[in-house]
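Asker: Quick one: the structure is below, and I'll ask about it shortly.
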Amino acid sequence: MVHIVGAGPGDPELITVKGHKLLSEADVVIYAGSLINPEILKICKPDADIYNSAEMTLEEVINVIKKAESDGKMTVRLHTGDPSIYGAIQEQMDELDELKIEFDIVPGVSSFLAAAAALRKEYTLPGITQTIILTRRGGVTPVPDKESLKKLGQSQATICIFLSISSIKEVVRDLMSAGYKSLTPAAVVYKATWEDEKIIRGTLSTIAEQVKVEGIGRTAIIIVGQCLSTQKGNYAQSQLYSPQFSHMFRTAKL
């Protein structure tokens, strides 16, 4: 059996209980070494065979899994954050399906959620925005034109941009051409939940230079939207807790 496990954003305590259990029992662990906090590997049992997939091709990853299966061993394929977001797991699952190797997926905490926690902000504030866009700027993996920042940015939603910190100047340019104002709040969270986590707060007009000064070139997420600048009184409060609102668990107190 193969378990595709989300390791979470970095803090070893933010892997799920189920993920922790599977990782502690695995005979073979293949982990995304370019992104995963190596401290998480301390969960593995001492005699586990551990492979860094940053140094491997897809074929090599699958061959390790095939060998483990033939030897009757359990494999954990460990991905950073949640494996469904920029995890490149579909091609691995397709190969496992062809080989008739059973697998399951254990979700994890994505870095965009860890970033919100670090910033102490709610992405979906009433009266501000109810939409979160998760995207990236095109690079080695292209982005369809219909999903470009210039087009997605027209919504003015909260936007979380992965894998694009090295192109932050272009990100700013694209978002401003989409209609975001220069004073739109922006933030960058570097290595959210790691011991060396770093938070940069600014606006679209300042954030690129702030990132340059800090020397951040990878392992960071960019967040843009009005939710970053809200304070008590300048957004609508949720009806969920309003005394004038009834729902199936509570009657309105008029």
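Following the order of the structure tokens, chains are lettered A, B, ..., residues in each are numbered from 1, and ligands are numbered from 1.
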What's around Arg173 (chain A) at 9 Å? Count only C-alpha atoms, leave out sequence neighbours fewer than 5 positions away in its own chain, and write the answer as a list in words.
Answerer: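 Once the adjacent positions are removed, what remains is Lys150, Ile168, Ala178 and Leu204 of chain A.
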Asker: Go through region 152-231 of chain A and collect every residue that DSSP, computed from the backbone, puts in helix (DSSP H, G or I); the answer should be as number ranges by chain.
Answerer: A: 152-155, 165-178, 207-214, 226-229
Asker: Save out the residues we just selected, N, CA and C atoms, as a tab-separated table (two decimals), in the first residue's frame.
Answerer:
chain	number	residue	atom	x	y	z
A	152	LEU	N	-7.24	36.96	-13.90
A	152	LEU	CA	-7.77	36.59	-12.60
A	152	LEU	C	-7.88	37.80	-11.68
A	153	GLY	N	-6.96	38.72	-11.83
A	153	GLY	CA	-6.93	39.89	-10.97
A	153	GLY	C	-8.11	40.82	-11.14
A	154	GLN	N	-8.84	40.68	-12.22
A	154	GLN	CA	-10.00	41.54	-12.47
A	154	GLN	C	-11.09	41.33	-11.43
A	155	SER	N	-11.07	40.20	-10.74
A	155	SER	CA	-12.10	39.90	-9.73
A	155	SER	C	-11.90	40.72	-8.46
A	165	ILE	N	7.65	33.97	-6.19
A	165	ILE	CA	8.33	35.04	-5.47
A	165	ILE	C	9.52	35.58	-6.25
A	166	SER	N	10.17	34.74	-7.05
A	166	SER	CA	11.31	35.21	-7.83
A	166	SER	C	10.89	36.15	-8.96
A	167	SER	N	9.59	36.18	-9.26
A	167	SER	CA	9.06	37.07	-10.30
A	167	SER	C	8.12	38.11	-9.72
A	168	ILE	N	8.38	38.54	-8.49
A	168	ILE	CA	7.41	39.41	-7.82
A	168	ILE	C	7.21	40.73	-8.55
A	169	LYS	N	8.23	41.26	-9.20
A	169	LYS	CA	8.04	42.50	-9.96
A	169	LYS	C	7.00	42.30	-11.06
A	170	GLU	N	7.08	41.17	-11.75
A	170	GLU	CA	6.12	40.86	-12.81
A	170	GLU	C	4.73	40.59	-12.24
A	171	VAL	N	4.68	39.97	-11.06
A	171	VAL	CA	3.39	39.74	-10.39
A	171	VAL	C	2.70	41.07	-10.11
A	172	VAL	N	3.46	42.01	-9.55
A	172	VAL	CA	2.91	43.34	-9.25
A	172	VAL	C	2.43	44.01	-10.53
A	173	ARG	N	3.23	43.96	-11.54
A	173	ARG	CA	2.87	44.59	-12.82
A	173	ARG	C	1.58	44.00	-13.37
A	174	ASP	N	1.47	42.67	-13.34
A	174	ASP	CA	0.29	42.02	-13.89
A	174	ASP	C	-0.96	42.36	-13.09
A	175	LEU	N	-0.85	42.37	-11.77
A	175	LEU	CA	-2.02	42.66	-10.94
A	175	LEU	C	-2.47	44.11	-11.10
A	176	MET	N	-1.52	45.02	-11.20
A	176	MET	CA	-1.90	46.42	-11.37
A	176	MET	C	-2.52	46.65	-12.74
A	177	SER	N	-2.06	45.92	-13.75
A	177	SER	CA	-2.68	46.04	-15.06
A	177	SER	C	-4.08	45.43	-15.08
A	178	ALA	N	-4.36	44.54	-14.09
A	178	ALA	CA	-5.69	43.93	-13.97
A	178	ALA	C	-6.66	44.83	-13.23
A	207	ILE	N	5.92	46.21	-2.17
A	207	ILE	CA	6.25	44.85	-1.77
A	207	ILE	C	7.44	44.27	-2.52
A	208	ALA	N	7.60	44.58	-3.80
A	208	ALA	CA	8.71	44.01	-4.57
A	208	ALA	C	10.05	44.48	-4.01
A	209	GLU	N	10.15	45.76	-3.70
A	209	GLU	CA	11.40	46.28	-3.15
A	209	GLU	C	11.65	45.73	-1.75
A	210	GLN	N	10.60	45.56	-0.96
A	210	GLN	CA	10.76	44.99	0.38
A	210	GLN	C	11.28	43.55	0.31
A	211	VAL	N	10.78	42.79	-0.64
A	211	VAL	CA	11.25	41.42	-0.83
A	211	VAL	C	12.71	41.40	-1.27
A	212	LYS	N	13.06	42.32	-2.15
A	212	LYS	CA	14.46	42.41	-2.61
A	212	LYS	C	15.39	42.73	-1.44
A	213	VAL	N	15.01	43.67	-0.61
A	213	VAL	CA	15.83	44.05	0.54
A	213	VAL	C	16.04	42.87	1.48
A	214	GLU	N	14.99	42.05	1.66
A	214	GLU	CA	15.08	40.90	2.56
A	214	GLU	C	15.80	39.72	1.92
A	226	GLN	N	-7.74	43.23	-0.03
A	226	GLN	CA	-8.17	44.17	0.99
A	226	GLN	C	-8.33	43.51	2.36
A	227	CYS	N	-8.45	42.19	2.40
A	227	CYS	CA	-8.59	41.52	3.69
A	227	CYS	C	-7.38	41.74	4.60
A	228	LEU	N	-6.25	42.10	4.00
A	228	LEU	CA	-5.02	42.26	4.78
A	228	LEU	C	-5.01	43.55	5.59
A	229	SER	N	-5.86	44.50	5.24
A	229	SER	CA	-5.81	45.80	5.93
A	229	SER	C	-7.03	46.09	6.78
Asker: Near Gln130 (chain A), within 10 Å and counting only C-alpha atoms, which residues show up once chain neighbours fewer than 4 positions away are dropped, as a short mmCIF file (atom, residue, chain, number, x, y, z; two decimals) with C-alpha atoms, in the first residue's frame?
Answerer:
data_model
loop_
_atom_site.label_atom_id
_atom_site.label_comp_id
_atom_site.auth_asym_id
_atom_site.auth_seq_id
_atom_site.Cartn_x
_atom_site.Cartn_y
_atom_site.Cartn_z
CA TYR A 123 -9.32 35.70 3.81
CA THR A 124 -13.12 35.75 3.41
CA LEU A 125 -14.46 38.79 5.23
CA PRO A 126 -18.13 39.78 4.77
CA ALA A 157 -10.65 38.81 -4.79
CA THR A 158 -8.11 37.72 -2.18
#
Asker: Give the answer as one residue: which of A:Ala117, A:Gly10, A:Met74, A:Lys66 has the shortest atom-to-atom distance to Val29 (chain A), using only C-alpha atoms?
Answerer: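 Of A:Ala117, A:Gly10, A:Met74, A:Lys66, the one nearest Val29 (chain A), counting only C-alpha atoms, is A:Met74.
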Asker: Between region 104-167 of chain A and region 17-25 of chain A, at 9 Å or less, what are the per-residue closest atom pairs and their distances in Å? Count only C-alpha atoms, order by chain and rising residue number, and return it as JSON lines.
Answerer:
{"residue": "A:Val106", "atom": "CA", "partner": "A:Gly19", "partner_atom": "CA", "distance": 6.4}
{"residue": "A:Pro107", "atom": "CA", "partner": "A:Gly19", "partner_atom": "CA", "distance": 8.2}
{"residue": "A:Gly108", "atom": "CA", "partner": "A:Gly19", "partner_atom": "CA", "distance": 8.1}
Asker: Could those selected residues go to a file with N, CA and C atoms, as a compact mmCIF listing (two decimals), in the first residue's frame?
Answerer:
# COMPACT_ATOMS: atom_id res chain seq x y z
N VAL A 106 -3.66 11.38 2.00
CA VAL A 106 -3.93 12.01 3.30
C VAL A 106 -3.67 13.50 3.13
N PRO A 107 -4.71 14.33 3.21
CA PRO A 107 -4.52 15.76 2.98
C PRO A 107 -3.66 16.41 4.05
N GLY A 108 -3.15 17.59 3.74
CA GLY A 108 -2.31 18.32 4.68
C GLY A 108 -2.67 19.79 4.72
Asker: Can you pull out the residues contacting Ile4 (chain A)? Cut-off 8 Å, using only C-alpha atoms, and skip same-chain residues under 2 positions away; I want them as a list in words.
Answerer: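 Answer for this query is Val2, Gly6, Val76, Arg77, Leu78, His79, Pro83, Phe103, Asp104, Ile105 and Val106 of chain A.
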Asker: Could you go through region 17-162 of chain A and tell me which residues DSSP, when run on the backbone, assigns to strand (DSSP E), listing them as a list in words?
Answerer: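 Residues meeting the strand (DSSP E) criterion: Val28, Val29, Ile30, Tyr31, Asp49, Ile50, Tyr51, Asn52, Thr75, Val76, Arg77, Leu78, His79, Phe103, Asp104, Ile105, Val106, Ile132, Ile133, Leu134, Thr135, Arg136, Thr158, Ile159, Cys160, Ile161 and Phe162 of chain A.
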Asker: May I have the residues within 8 Å of Leu35 (chain A) as a VMD selection string, using only C-alpha atoms and disregarding those fewer than 2 positions away in the same chain?
Answerer: chain A and resid 32 to 33 37 80 219
Asker: Give me the region 24-80 of chain A side of the contact with region 88-101 of chain A, cut-off 8 Å, one line per residue showing its nearest atom pair and distance in Å at one decimal, counting only C-alpha atoms, sorted by chain and residue number, as CSV.
Answerer:
residue,atom,partner,partner_atom,distance
A:Leu58,CA,A:Gln92,CA,7.3
A:Ile62,CA,A:Gln92,CA,7.4
A:Glu69,CA,A:Ile101,CA,7.9
Asker: Once you have the residues from the selection above, write them out as an mmCIF file, in the first residue's frame, restricted to all heavy atoms.
Answerer:
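Output saved as out-v4.cif:
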data_model
loop_
_atom_site.group_PDB
_atom_site.id
_atom_site.type_symbol
_atom_site.label_atom_id
_atom_site.label_comp_id
_atom_site.auth_asym_id
_atom_site.auth_seq_id
_atom_site.Cartn_x
_atom_site.Cartn_y
_atom_site.Cartn_z
ATOM 1 N N LEU A 58 10.569 10.832 -12.197
ATOM 2 C CA LEU A 58 9.317 10.116 -11.947
ATOM 3 C C LEU A 58 9.539 8.614 -12.045
ATOM 4 O O LEU A 58 9.054 7.842 -11.201
ATOM 5 C CB LEU A 58 8.250 10.565 -12.950
ATOM 6 C CG LEU A 58 6.931 9.792 -12.925
ATOM 7 C CD1 LEU A 58 6.237 9.930 -11.570
ATOM 8 C CD2 LEU A 58 6.008 10.286 -14.045
ATOM 9 N N ILE A 62 8.805 5.784 -9.095
ATOM 10 C CA ILE A 62 7.911 4.637 -9.294
ATOM 11 C C ILE A 62 8.657 3.321 -9.110
ATOM 12 O O ILE A 62 8.118 2.353 -8.544
ATOM 13 C CB ILE A 62 7.245 4.708 -10.681
ATOM 14 C CG1 ILE A 62 6.369 5.963 -10.795
ATOM 15 C CG2 ILE A 62 6.418 3.451 -10.939
ATOM 16 C CD1 ILE A 62 5.271 6.060 -9.752
ATOM 17 N N GLU A 69 6.690 -2.546 -2.997
ATOM 18 C CA GLU A 69 5.482 -3.357 -3.088
ATOM 19 C C GLU A 69 5.830 -4.836 -3.251
ATOM 20 O O GLU A 69 5.214 -5.703 -2.630
ATOM 21 C CB GLU A 69 4.623 -2.883 -4.261
ATOM 22 C CG GLU A 69 3.920 -1.566 -4.018
ATOM 23 C CD GLU A 69 2.878 -1.669 -2.926
ATOM 24 O OE1 GLU A 69 1.911 -2.443 -3.078
ATOM 25 O OE2 GLU A 69 3.036 -0.975 -1.900
#
